[in-house]
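So this block is protein-v6.cif, mmCIF, N, CA and C atoms and all ligand atoms:
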data_upload
#
loop_
_atom_site.label_atom_id
_atom_site.label_comp_id
_atom_site.auth_asym_id
_atom_site.auth_seq_id
_atom_site.Cartn_x
_atom_site.Cartn_y
_atom_site.Cartn_z
N MET O 1217 -77.39 114.67 100.95
CA MET O 1217 -78.14 115.15 99.78
C MET O 1217 -79.59 114.67 99.87
N ASN O 1218 -80.48 115.60 99.76
CA ASN O 1218 -81.89 115.28 99.97
C ASN O 1218 -82.58 114.86 98.66
N TYR O 1219 -82.16 113.70 98.15
CA TYR O 1219 -82.80 113.15 96.95
C TYR O 1219 -82.72 111.63 97.01
N GLN O 1220 -83.52 110.97 96.19
CA GLN O 1220 -83.53 109.50 96.16
C GLN O 1220 -84.07 109.04 94.81
N LEU O 1221 -83.47 107.98 94.28
CA LEU O 1221 -84.02 107.38 93.06
C LEU O 1221 -84.96 106.26 93.51
N LEU O 1222 -86.23 106.36 93.17
CA LEU O 1222 -87.22 105.38 93.63
C LEU O 1222 -87.64 104.46 92.49
N PRO O 1223 -87.38 103.16 92.60
CA PRO O 1223 -87.89 102.24 91.58
C PRO O 1223 -89.42 102.17 91.71
N LEU O 1224 -90.13 102.23 90.59
CA LEU O 1224 -91.60 102.21 90.61
C LEU O 1224 -92.09 100.87 90.10
N GLU O 1225 -93.04 100.30 90.82
CA GLU O 1225 -93.53 98.98 90.42
C GLU O 1225 -94.23 99.05 89.06
N VAL O 1226 -93.87 98.11 88.19
CA VAL O 1226 -94.45 98.09 86.84
C VAL O 1226 -95.40 96.90 86.73
N HIS O 1227 -96.63 97.18 86.27
CA HIS O 1227 -97.60 96.12 85.99
C HIS O 1227 -97.56 95.89 84.48
N GLY O 1228 -96.93 94.85 84.06
CA GLY O 1228 -96.77 94.63 82.62
C GLY O 1228 -97.38 93.32 82.18
N ASP O 1229 -97.90 93.30 80.98
CA ASP O 1229 -98.34 92.07 80.34
C ASP O 1229 -98.19 92.26 78.84
N LYS O 1230 -98.75 91.38 78.06
CA LYS O 1230 -98.51 91.45 76.61
C LYS O 1230 -99.09 92.72 75.98
N ARG O 1231 -99.98 93.44 76.73
CA ARG O 1231 -100.58 94.67 76.19
C ARG O 1231 -99.70 95.89 76.38
N GLY O 1232 -98.72 95.75 77.29
CA GLY O 1232 -97.87 96.90 77.59
C GLY O 1232 -97.64 97.02 79.08
N LYS O 1233 -97.29 98.22 79.52
CA LYS O 1233 -96.90 98.40 80.93
C LYS O 1233 -97.64 99.57 81.56
N LEU O 1234 -97.79 99.48 82.87
CA LEU O 1234 -98.53 100.50 83.61
C LEU O 1234 -97.83 100.73 84.95
N VAL O 1235 -97.70 102.00 85.32
CA VAL O 1235 -97.15 102.36 86.63
C VAL O 1235 -98.18 103.23 87.33
N SER O 1236 -98.44 102.95 88.60
CA SER O 1236 -99.41 103.72 89.37
C SER O 1236 -98.68 104.50 90.47
N LEU O 1237 -99.03 105.78 90.61
CA LEU O 1237 -98.38 106.62 91.63
C LEU O 1237 -99.44 107.05 92.63
N GLU O 1238 -99.24 106.72 93.89
CA GLU O 1238 -100.26 106.98 94.89
C GLU O 1238 -99.69 107.81 96.04
N SER O 1239 -100.43 108.88 96.33
CA SER O 1239 -100.08 109.82 97.40
C SER O 1239 -99.78 109.09 98.70
N GLU O 1240 -98.62 109.37 99.26
CA GLU O 1240 -98.20 108.83 100.56
C GLU O 1240 -98.16 107.29 100.61
N LYS O 1241 -98.21 106.64 99.44
CA LYS O 1241 -98.01 105.19 99.40
C LYS O 1241 -96.66 104.95 98.74
N ASN O 1242 -96.62 104.89 97.40
CA ASN O 1242 -95.28 104.77 96.78
C ASN O 1242 -94.66 106.15 96.50
N ILE O 1243 -95.41 107.21 96.76
CA ILE O 1243 -94.86 108.58 96.68
C ILE O 1243 -94.78 109.10 98.12
N PRO O 1244 -93.60 109.57 98.55
CA PRO O 1244 -93.44 109.86 99.98
C PRO O 1244 -94.00 111.21 100.44
N PHE O 1245 -95.05 111.71 99.79
CA PHE O 1245 -95.69 112.95 100.24
C PHE O 1245 -97.10 112.99 99.66
N GLU O 1246 -97.90 113.92 100.19
CA GLU O 1246 -99.25 114.11 99.64
C GLU O 1246 -99.13 114.90 98.33
N ILE O 1247 -99.75 114.39 97.26
CA ILE O 1247 -99.62 115.05 95.95
C ILE O 1247 -100.67 116.15 95.83
N ARG O 1248 -100.21 117.39 95.62
CA ARG O 1248 -101.15 118.52 95.45
C ARG O 1248 -101.15 119.06 94.03
N ARG O 1249 -100.13 118.69 93.25
CA ARG O 1249 -100.02 119.28 91.90
C ARG O 1249 -99.28 118.31 91.01
N VAL O 1250 -99.70 118.27 89.75
CA VAL O 1250 -98.98 117.51 88.72
C VAL O 1250 -98.73 118.45 87.56
N TYR O 1251 -97.52 118.49 87.04
CA TYR O 1251 -97.27 119.25 85.81
C TYR O 1251 -96.32 118.45 84.94
N TYR O 1252 -96.23 118.82 83.68
CA TYR O 1252 -95.33 118.09 82.80
C TYR O 1252 -94.60 119.05 81.88
N ILE O 1253 -93.45 118.60 81.45
CA ILE O 1253 -92.55 119.41 80.62
C ILE O 1253 -92.32 118.64 79.32
N PHE O 1254 -92.49 119.33 78.20
CA PHE O 1254 -92.31 118.68 76.90
C PHE O 1254 -91.81 119.72 75.91
N ASP O 1255 -91.52 119.28 74.67
CA ASP O 1255 -90.99 120.20 73.64
C ASP O 1255 -89.69 120.85 74.10
N THR O 1256 -88.87 120.11 74.80
CA THR O 1256 -87.58 120.62 75.27
C THR O 1256 -86.56 120.53 74.14
N LEU O 1257 -85.41 121.16 74.34
CA LEU O 1257 -84.34 121.13 73.34
C LEU O 1257 -83.02 120.78 74.02
N PRO O 1258 -82.15 120.01 73.34
CA PRO O 1258 -80.89 119.58 73.96
C PRO O 1258 -80.02 120.75 74.42
N GLU O 1259 -80.07 121.88 73.72
CA GLU O 1259 -79.17 122.98 74.07
C GLU O 1259 -79.76 123.92 75.13
N GLU O 1260 -80.99 123.68 75.53
CA GLU O 1260 -81.64 124.56 76.52
C GLU O 1260 -81.72 123.87 77.88
N SER O 1261 -81.23 124.55 78.90
CA SER O 1261 -81.34 123.98 80.24
C SER O 1261 -82.51 124.65 80.98
N ARG O 1262 -82.98 123.99 82.02
CA ARG O 1262 -84.10 124.49 82.82
C ARG O 1262 -83.72 124.38 84.29
N GLY O 1263 -84.62 124.80 85.13
CA GLY O 1263 -84.36 124.71 86.56
C GLY O 1263 -83.56 125.91 87.04
N GLN O 1264 -82.39 125.64 87.60
CA GLN O 1264 -81.54 126.68 88.20
C GLN O 1264 -82.31 127.41 89.32
N HIS O 1265 -82.81 126.61 90.20
CA HIS O 1265 -83.49 127.15 91.38
C HIS O 1265 -83.59 126.05 92.43
N ALA O 1266 -84.02 126.44 93.62
CA ALA O 1266 -84.30 125.48 94.70
C ALA O 1266 -85.67 125.82 95.27
N HIS O 1267 -86.17 124.93 96.09
CA HIS O 1267 -87.45 125.17 96.76
C HIS O 1267 -87.24 125.13 98.26
N ARG O 1268 -87.84 126.09 98.94
CA ARG O 1268 -87.68 126.14 100.40
C ARG O 1268 -88.46 125.03 101.08
N THR O 1269 -89.61 124.68 100.54
CA THR O 1269 -90.45 123.70 101.24
C THR O 1269 -90.96 122.57 100.35
N LEU O 1270 -90.91 122.76 99.03
CA LEU O 1270 -91.56 121.81 98.13
C LEU O 1270 -90.79 120.49 98.01
N GLU O 1271 -91.54 119.40 97.96
CA GLU O 1271 -90.96 118.09 97.61
C GLU O 1271 -91.55 117.68 96.27
N GLN O 1272 -90.76 116.98 95.48
CA GLN O 1272 -91.24 116.60 94.15
C GLN O 1272 -90.74 115.21 93.75
N LEU O 1273 -91.48 114.60 92.84
CA LEU O 1273 -91.03 113.36 92.22
C LEU O 1273 -91.07 113.57 90.71
N VAL O 1274 -89.94 113.33 90.07
CA VAL O 1274 -89.83 113.57 88.62
C VAL O 1274 -89.68 112.22 87.92
N VAL O 1275 -90.48 112.02 86.88
CA VAL O 1275 -90.36 110.79 86.09
C VAL O 1275 -90.16 111.17 84.62
N ALA O 1276 -89.11 110.61 84.02
CA ALA O 1276 -88.92 110.79 82.57
C ALA O 1276 -89.82 109.78 81.89
N ILE O 1277 -91.02 110.23 81.54
CA ILE O 1277 -92.02 109.36 80.91
C ILE O 1277 -91.51 108.90 79.55
N ASP O 1278 -90.76 109.77 78.89
CA ASP O 1278 -90.23 109.46 77.56
C ASP O 1278 -88.91 110.21 77.41
N GLY O 1279 -87.92 109.57 76.82
CA GLY O 1279 -86.64 110.25 76.56
C GLY O 1279 -85.79 110.35 77.82
N SER O 1280 -84.85 111.28 77.78
CA SER O 1280 -83.90 111.37 78.89
C SER O 1280 -83.43 112.82 79.09
N CYS O 1281 -82.94 113.06 80.28
CA CYS O 1281 -82.27 114.34 80.56
C CYS O 1281 -81.41 114.16 81.80
N GLN O 1282 -80.53 115.12 81.99
CA GLN O 1282 -79.64 115.05 83.15
C GLN O 1282 -80.11 116.06 84.21
N PHE O 1283 -80.14 115.61 85.45
CA PHE O 1283 -80.40 116.51 86.58
C PHE O 1283 -79.09 116.75 87.30
N VAL O 1284 -78.78 118.01 87.56
CA VAL O 1284 -77.65 118.35 88.44
C VAL O 1284 -78.28 118.81 89.74
N LEU O 1285 -77.92 118.12 90.82
CA LEU O 1285 -78.48 118.45 92.14
C LEU O 1285 -77.36 118.93 93.05
N ASP O 1286 -77.68 119.91 93.88
CA ASP O 1286 -76.65 120.58 94.67
C ASP O 1286 -77.30 120.98 96.00
N ASP O 1287 -76.68 120.60 97.11
CA ASP O 1287 -77.24 120.99 98.41
C ASP O 1287 -76.44 122.11 99.07
N GLY O 1288 -75.57 122.73 98.28
CA GLY O 1288 -74.74 123.81 98.83
C GLY O 1288 -73.38 123.31 99.28
N LYS O 1289 -73.27 121.98 99.45
CA LYS O 1289 -71.98 121.40 99.86
C LYS O 1289 -71.48 120.44 98.79
N GLU O 1290 -72.39 119.66 98.26
CA GLU O 1290 -72.04 118.65 97.25
C GLU O 1290 -72.89 118.86 96.01
N ARG O 1291 -72.39 118.34 94.89
CA ARG O 1291 -73.11 118.44 93.62
C ARG O 1291 -73.09 117.06 92.98
N THR O 1292 -74.20 116.59 92.45
CA THR O 1292 -74.22 115.29 91.80
C THR O 1292 -75.02 115.36 90.50
N GLU O 1293 -74.67 114.48 89.56
CA GLU O 1293 -75.36 114.45 88.27
C GLU O 1293 -76.09 113.12 88.13
N ILE O 1294 -77.36 113.21 87.73
CA ILE O 1294 -78.19 112.00 87.62
C ILE O 1294 -78.86 112.00 86.26
N TRP O 1295 -78.77 110.88 85.57
CA TRP O 1295 -79.51 110.75 84.30
C TRP O 1295 -80.86 110.15 84.60
N LEU O 1296 -81.90 110.80 84.10
CA LEU O 1296 -83.26 110.22 84.19
C LEU O 1296 -83.61 109.74 82.80
N ASN O 1297 -83.84 108.45 82.67
CA ASN O 1297 -84.06 107.91 81.33
C ASN O 1297 -84.98 106.69 81.34
N ARG O 1298 -85.75 106.51 82.44
CA ARG O 1298 -86.64 105.35 82.51
C ARG O 1298 -87.98 105.77 83.10
N PRO O 1299 -89.09 105.30 82.51
CA PRO O 1299 -90.39 105.64 83.08
C PRO O 1299 -90.75 104.84 84.32
N ASP O 1300 -89.86 103.91 84.72
CA ASP O 1300 -90.14 103.12 85.93
C ASP O 1300 -89.20 103.49 87.09
N VAL O 1301 -88.62 104.69 87.00
CA VAL O 1301 -87.80 105.19 88.11
C VAL O 1301 -88.18 106.65 88.34
N GLY O 1302 -88.43 107.00 89.59
CA GLY O 1302 -88.76 108.39 89.93
C GLY O 1302 -87.60 109.01 90.70
N LEU O 1303 -87.35 110.26 90.41
CA LEU O 1303 -86.34 110.99 91.18
C LEU O 1303 -87.06 111.84 92.21
N TYR O 1304 -86.91 111.46 93.48
CA TYR O 1304 -87.48 112.26 94.56
C TYR O 1304 -86.49 113.37 94.90
N ILE O 1305 -86.97 114.60 94.92
CA ILE O 1305 -86.12 115.74 95.31
C ILE O 1305 -86.78 116.43 96.51
N GLY O 1306 -86.09 116.42 97.62
CA GLY O 1306 -86.61 117.07 98.83
C GLY O 1306 -86.36 118.57 98.80
N LYS O 1307 -86.68 119.23 99.91
CA LYS O 1307 -86.53 120.69 99.93
C LYS O 1307 -85.06 121.09 99.97
N ASN O 1308 -84.82 122.34 99.65
CA ASN O 1308 -83.47 122.92 99.72
C ASN O 1308 -82.44 122.20 98.86
N MET O 1309 -82.83 121.84 97.67
CA MET O 1309 -81.89 121.25 96.71
C MET O 1309 -81.90 122.11 95.45
N TRP O 1310 -80.75 122.67 95.13
CA TRP O 1310 -80.62 123.41 93.87
C TRP O 1310 -80.65 122.40 92.74
N ARG O 1311 -81.41 122.67 91.67
CA ARG O 1311 -81.47 121.73 90.55
C ARG O 1311 -81.34 122.44 89.20
N GLU O 1312 -80.73 121.72 88.29
CA GLU O 1312 -80.68 122.17 86.90
C GLU O 1312 -80.98 120.95 86.05
N MET O 1313 -81.76 121.11 84.99
CA MET O 1313 -82.04 120.01 84.06
C MET O 1313 -81.42 120.39 82.73
N LYS O 1314 -80.66 119.46 82.15
CA LYS O 1314 -80.02 119.79 80.87
C LYS O 1314 -79.85 118.53 80.03
N HIS O 1315 -79.27 118.70 78.85
CA HIS O 1315 -79.04 117.60 77.90
C HIS O 1315 -80.33 116.81 77.64
N PHE O 1316 -81.42 117.54 77.40
CA PHE O 1316 -82.69 116.87 77.08
C PHE O 1316 -82.58 116.17 75.74
N SER O 1317 -83.07 114.95 75.68
CA SER O 1317 -83.17 114.29 74.37
C SER O 1317 -84.37 114.91 73.64
N TYR O 1318 -84.36 114.86 72.31
CA TYR O 1318 -85.50 115.37 71.56
C TYR O 1318 -86.73 114.55 71.96
N GLY O 1319 -87.82 115.23 72.22
CA GLY O 1319 -89.06 114.53 72.58
C GLY O 1319 -89.13 114.11 74.03
N CYS O 1320 -88.16 114.54 74.83
CA CYS O 1320 -88.19 114.16 76.26
C CYS O 1320 -89.45 114.72 76.92
N LYS O 1321 -90.07 113.88 77.74
CA LYS O 1321 -91.24 114.33 78.49
C LYS O 1321 -91.04 114.00 79.95
N LEU O 1322 -91.10 115.04 80.78
CA LEU O 1322 -90.97 114.83 82.23
C LEU O 1322 -92.33 115.06 82.87
N MET O 1323 -92.72 114.14 83.75
CA MET O 1323 -93.92 114.36 84.56
C MET O 1323 -93.47 114.60 85.99
N ILE O 1324 -94.01 115.63 86.62
CA ILE O 1324 -93.57 115.98 87.97
C ILE O 1324 -94.77 116.03 88.91
N LEU O 1325 -94.64 115.32 90.02
CA LEU O 1325 -95.65 115.36 91.08
C LEU O 1325 -95.09 116.24 92.18
N ALA O 1326 -95.91 117.13 92.71
CA ALA O 1326 -95.41 118.09 93.69
C ALA O 1326 -96.26 118.06 94.96
N SER O 1327 -95.62 118.37 96.08
CA SER O 1327 -96.30 118.28 97.38
C SER O 1327 -97.14 119.52 97.67
N ASP O 1328 -97.07 120.54 96.78
CA ASP O 1328 -97.88 121.74 97.05
C ASP O 1328 -98.24 122.46 95.75
N TYR O 1329 -99.15 123.41 95.91
CA TYR O 1329 -99.57 124.22 94.77
C TYR O 1329 -98.42 125.13 94.34
N TYR O 1330 -98.50 125.64 93.14
CA TYR O 1330 -97.45 126.53 92.62
C TYR O 1330 -97.42 127.82 93.43
N ASP O 1331 -96.22 128.18 93.89
CA ASP O 1331 -96.06 129.41 94.66
C ASP O 1331 -94.67 129.97 94.37
N GLU O 1332 -94.62 130.99 93.53
CA GLU O 1332 -93.33 131.56 93.12
C GLU O 1332 -92.52 132.05 94.33
N LYS O 1333 -93.20 132.47 95.41
CA LYS O 1333 -92.49 133.01 96.59
C LYS O 1333 -91.64 131.95 97.29
N GLU O 1334 -91.97 130.70 97.02
CA GLU O 1334 -91.29 129.60 97.70
C GLU O 1334 -90.03 129.16 96.93
N TYR O 1335 -89.82 129.74 95.73
CA TYR O 1335 -88.63 129.42 94.94
C TYR O 1335 -87.44 130.25 95.43
N ILE O 1336 -86.25 129.68 95.34
CA ILE O 1336 -85.01 130.46 95.48
C ILE O 1336 -84.37 130.42 94.10
N ARG O 1337 -84.31 131.55 93.42
CA ARG O 1337 -83.81 131.56 92.04
C ARG O 1337 -82.42 132.19 91.95
N ASP O 1338 -81.85 132.59 93.09
CA ASP O 1338 -80.51 133.19 93.10
C ASP O 1338 -79.59 132.23 93.88
N TYR O 1339 -78.56 131.73 93.20
CA TYR O 1339 -77.70 130.71 93.82
C TYR O 1339 -77.01 131.24 95.08
N ASN O 1340 -76.65 132.52 95.10
CA ASN O 1340 -75.99 133.06 96.30
C ASN O 1340 -76.94 133.13 97.49
N VAL O 1341 -78.19 133.46 97.21
CA VAL O 1341 -79.20 133.46 98.28
C VAL O 1341 -79.37 132.03 98.79
N PHE O 1342 -79.42 131.06 97.85
CA PHE O 1342 -79.54 129.65 98.23
C PHE O 1342 -78.39 129.25 99.17
N LEU O 1343 -77.16 129.59 98.79
CA LEU O 1343 -76.00 129.21 99.61
C LEU O 1343 -76.09 129.84 100.99
N LYS O 1344 -76.49 131.10 101.04
CA LYS O 1344 -76.60 131.78 102.35
C LYS O 1344 -77.62 131.09 103.23
N GLU O 1345 -78.76 130.69 102.64
CA GLU O 1345 -79.81 130.06 103.44
C GLU O 1345 -79.37 128.70 103.97
N GLN O 1346 -78.45 128.02 103.26
CA GLN O 1346 -78.03 126.68 103.70
C GLN O 1346 -77.13 126.73 104.94
N VAL O 1347 -76.41 127.85 105.12
CA VAL O 1347 -75.52 127.91 106.29
C VAL O 1347 -76.22 128.47 107.52
N GLN O 1348 -77.44 128.98 107.36
CA GLN O 1348 -78.15 129.56 108.52
C GLN O 1348 -78.70 128.47 109.44
C1 LIG V 1401 -88.85 122.25 89.22
C2 LIG V 1401 -88.48 121.75 87.88
C3 LIG V 1401 -88.23 120.27 87.87
C4 LIG V 1401 -96.68 127.73 86.64
O1 LIG V 1401 -97.42 128.68 86.34
N1 LIG V 1401 -97.15 126.68 87.40
C5 LIG V 1401 -96.38 125.63 87.75
O2 LIG V 1401 -96.86 124.70 88.42
C6 LIG V 1401 -95.00 125.60 87.31
C7 LIG V 1401 -94.09 124.45 87.70
C8 LIG V 1401 -94.54 126.65 86.56
N2 LIG V 1401 -95.37 127.68 86.23
C9 LIG V 1401 -94.87 128.76 85.36
C10 LIG V 1401 -93.75 129.60 85.96
C11 LIG V 1401 -92.95 130.03 84.75
O3 LIG V 1401 -93.51 131.19 84.20
O4 LIG V 1401 -94.30 128.16 84.20
C12 LIG V 1401 -93.16 128.86 83.77
C13 LIG V 1401 -91.95 127.93 83.65
O5 LIG V 1401 -91.57 127.54 84.98
P1 LIG V 1401 -90.04 127.34 85.40
O6 LIG V 1401 -89.18 128.29 84.67
O7 LIG V 1401 -89.96 127.36 86.90
O8 LIG V 1401 -89.76 125.85 84.84
P2 LIG V 1401 -88.51 124.92 85.09
O9 LIG V 1401 -88.60 123.81 84.11
O10 LIG V 1401 -87.26 125.70 85.14
O11 LIG V 1401 -88.75 124.31 86.57
C14 LIG V 1401 -89.84 123.45 86.81
C15 LIG V 1401 -90.52 123.81 88.14
O12 LIG V 1401 -90.84 125.21 88.17
C16 LIG V 1401 -89.65 123.50 89.34
O13 LIG V 1401 -90.44 123.49 90.49
O14 LIG V 1401 -88.37 121.75 90.23
O15 LIG V 1401 -89.42 122.10 86.85
#
Would you kindly transcribe this structure into structure tokens?
Amino acid sequence: MNYQLLPLEVHGDKRGKLVSLESEKNIPFEIRRVYYIFDTLPEESRGQHAHRTLEQLVVAIDGSCQFVLDDGKERTEIWLNRPDVGLYIGKNMWREMKHFSYGCKLMILASDYYDEKEYIRDYNVFLKEQVQ
């Protein structure tokens, strides 16, 4: 399974906490894009696609949600609920995000610019590509 939970170093003192994310240092790829997801709802799921080439790191800055990851052979469920842990997702991983807590905020760092052509949004197409 092409994913990893990465503990992120926290710089904390009496004022609060800070986490720094640096391209190709504590993030295992060059960062080309950052986006964030907010105003989610517990009954609405997102994702349901894979990426042919994109790598990403997802951090639940606030709140929690569940990621279901699938490489075509295995499926695993991961709860993201800490701002000091990043979920690295490599290429060719089907993902679904669900069970968002109210107010959940996800920040995502991506290895490339947005390109809809690079998405696989049909699970059967995804499965076929994994056996080739
Ligand atoms: C992923 C998960 C974790 C853009 O115009 N630019 C962007 O950079 C992105 C990410 C999306 N969009 C547009 C495309 C759609 O019209 O925003 C709309 C919502 O995107 P989508 O339905 O793909 O959102 P999610 O939450 O299902 O998936 C997103 C990312 O697309 C995806 O790469 O891995 O978050």
request  = Would you mind listing the residues within 6 Å of ligand LIG 1401 (chain V), counting only C-alpha atoms and all ligand atoms, as a PyMOL selection string?
outcome  = chain O and resi 1262-1263+1330
Give me, as a PDB file with N, CA and C atoms, keeping the file's coordinate frame, all polymer residues having an atom no more than 10 Å from Arg1337 (chain O), counting only C-alpha atoms and skipping those fewer than 2 positions away in the same chain.
ATOM      1  N   GLY O1263     -84.620 124.800  85.130  1.00  0.00           N
ATOM      2  CA  GLY O1263     -84.360 124.710  86.560  1.00  0.00           C
ATOM      3  C   GLY O1263     -83.560 125.910  87.040  1.00  0.00           C
ATOM      4  N   GLN O1264     -82.390 125.640  87.600  1.00  0.00           N
ATOM      5  CA  GLN O1264     -81.540 126.680  88.200  1.00  0.00           C
ATOM      6  C   GLN O1264     -82.310 127.410  89.320  1.00  0.00           C
ATOM      7  N   HIS O1265     -82.810 126.610  90.200  1.00  0.00           N
ATOM      8  CA  HIS O1265     -83.490 127.150  91.380  1.00  0.00           C
ATOM      9  C   HIS O1265     -83.590 126.050  92.430  1.00  0.00           C
ATOM     10  N   ALA O1266     -84.020 126.440  93.620  1.00  0.00           N
ATOM     11  CA  ALA O1266     -84.300 125.480  94.700  1.00  0.00           C
ATOM     12  C   ALA O1266     -85.670 125.820  95.270  1.00  0.00           C
ATOM     13  N   HIS O1267     -86.170 124.930  96.090  1.00  0.00           N
ATOM     14  CA  HIS O1267     -87.450 125.170  96.760  1.00  0.00           C
ATOM     15  C   HIS O1267     -87.240 125.130  98.260  1.00  0.00           C
ATOM     16  N   TRP O1310     -80.750 122.670  95.130  1.00  0.00           N
ATOM     17  CA  TRP O1310     -80.620 123.410  93.870  1.00  0.00           C
ATOM     18  C   TRP O1310     -80.650 122.400  92.740  1.00  0.00           C
ATOM     19  N   GLU O1332     -94.620 130.990  93.530  1.00  0.00           N
ATOM     20  CA  GLU O1332     -93.330 131.560  93.120  1.00  0.00           C
ATOM     21  C   GLU O1332     -92.520 132.050  94.330  1.00  0.00           C
ATOM     22  N   LYS O1333     -93.200 132.470  95.410  1.00  0.00           N
ATOM     23  CA  LYS O1333     -92.490 133.010  96.590  1.00  0.00           C
ATOM     24  C   LYS O1333     -91.640 131.950  97.290  1.00  0.00           C
ATOM     25  N   GLU O1334     -91.970 130.700  97.020  1.00  0.00           N
ATOM     26  CA  GLU O1334     -91.290 129.600  97.700  1.00  0.00           C
ATOM     27  C   GLU O1334     -90.030 129.160  96.930  1.00  0.00           C
ATOM     28  N   TYR O1335     -89.820 129.740  95.730  1.00  0.00           N
ATOM     29  CA  TYR O1335     -88.630 129.420  94.940  1.00  0.00           C
ATOM     30  C   TYR O1335     -87.440 130.250  95.430  1.00  0.00           C
ATOM     31  N   TYR O1339     -78.560 131.730  93.200  1.00  0.00           N
ATOM     32  CA  TYR O1339     -77.700 130.710  93.820  1.00  0.00           C
ATOM     33  C   TYR O1339     -77.010 131.240  95.080  1.00  0.00           C
ATOM     34  N   ASN O1340     -76.650 132.520  95.100  1.00  0.00           N
ATOM     35  CA  ASN O1340     -75.990 133.060  96.300  1.00  0.00           C
ATOM     36  C   ASN O1340     -76.940 133.130  97.490  1.00  0.00           C
ATOM     37  N   VAL O1341     -78.190 133.460  97.210  1.00  0.00           N
ATOM     38  CA  VAL O1341     -79.200 133.460  98.280  1.00  0.00           C
ATOM     39  C   VAL O1341     -79.370 132.030  98.790  1.00  0.00           C
ATOM     40  N   PHE O1342     -79.420 131.060  97.850  1.00  0.00           N
ATOM     41  CA  PHE O1342     -79.540 129.650  98.230  1.00  0.00           C
ATOM     42  C   PHE O1342     -78.390 129.250  99.170  1.00  0.00           C
TER      43      PHE O1342
END
message = So that I can see what lies close to region 1271-1285 of chain O, please list as a PyMOL selection string the residues with an atom at most 8 Å from it, counting all atoms listed in the file and leaving out residues fewer than 3 positions away in the same chain.
response = chain O and resi 1217+1243-1245+1267-1268+1288+1290-1328
remark   = Taken to one decimal, the CA of Leu1343 (chain O)-CA of Asp1287 (chain O) distance is 8.4 Å
query = What does the distance between atom N of Leu1222 (chain O) and CA of Leu1270 (chain O) come to in Å, to one decimal place?
reply = 17.1 Å
How big is the axis-aligned box around all listed atoms of region 1342-1345 of chain O once 6 Å goes on each side, and where's its centre, in Å to one decimal, as JSON?
{"center_x": -77.9, "center_y": 130.2, "center_z": 100.9, "size_x": 15.8, "size_y": 15.1, "size_z": 18.1}
inquiry  = I need the residues in chain O that are strand (DSSP E or B) according to DSSP; give them as a PyMOL selection string.
reply    = chain O and resi 1219-1223+1226-1229+1232-1235+1239+1243+1249-1253+1262-1267+1272-1278+1281-1286+1291-1296+1301-1305+1310-1314+1321-1326+1335-1336
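Considering all atoms listed in the file, the residue among O:Asp1338, O:Val1235, O:Val1226, O:Tyr1329 positioned nearest to Val1250 (chain O) is O:Tyr1329.
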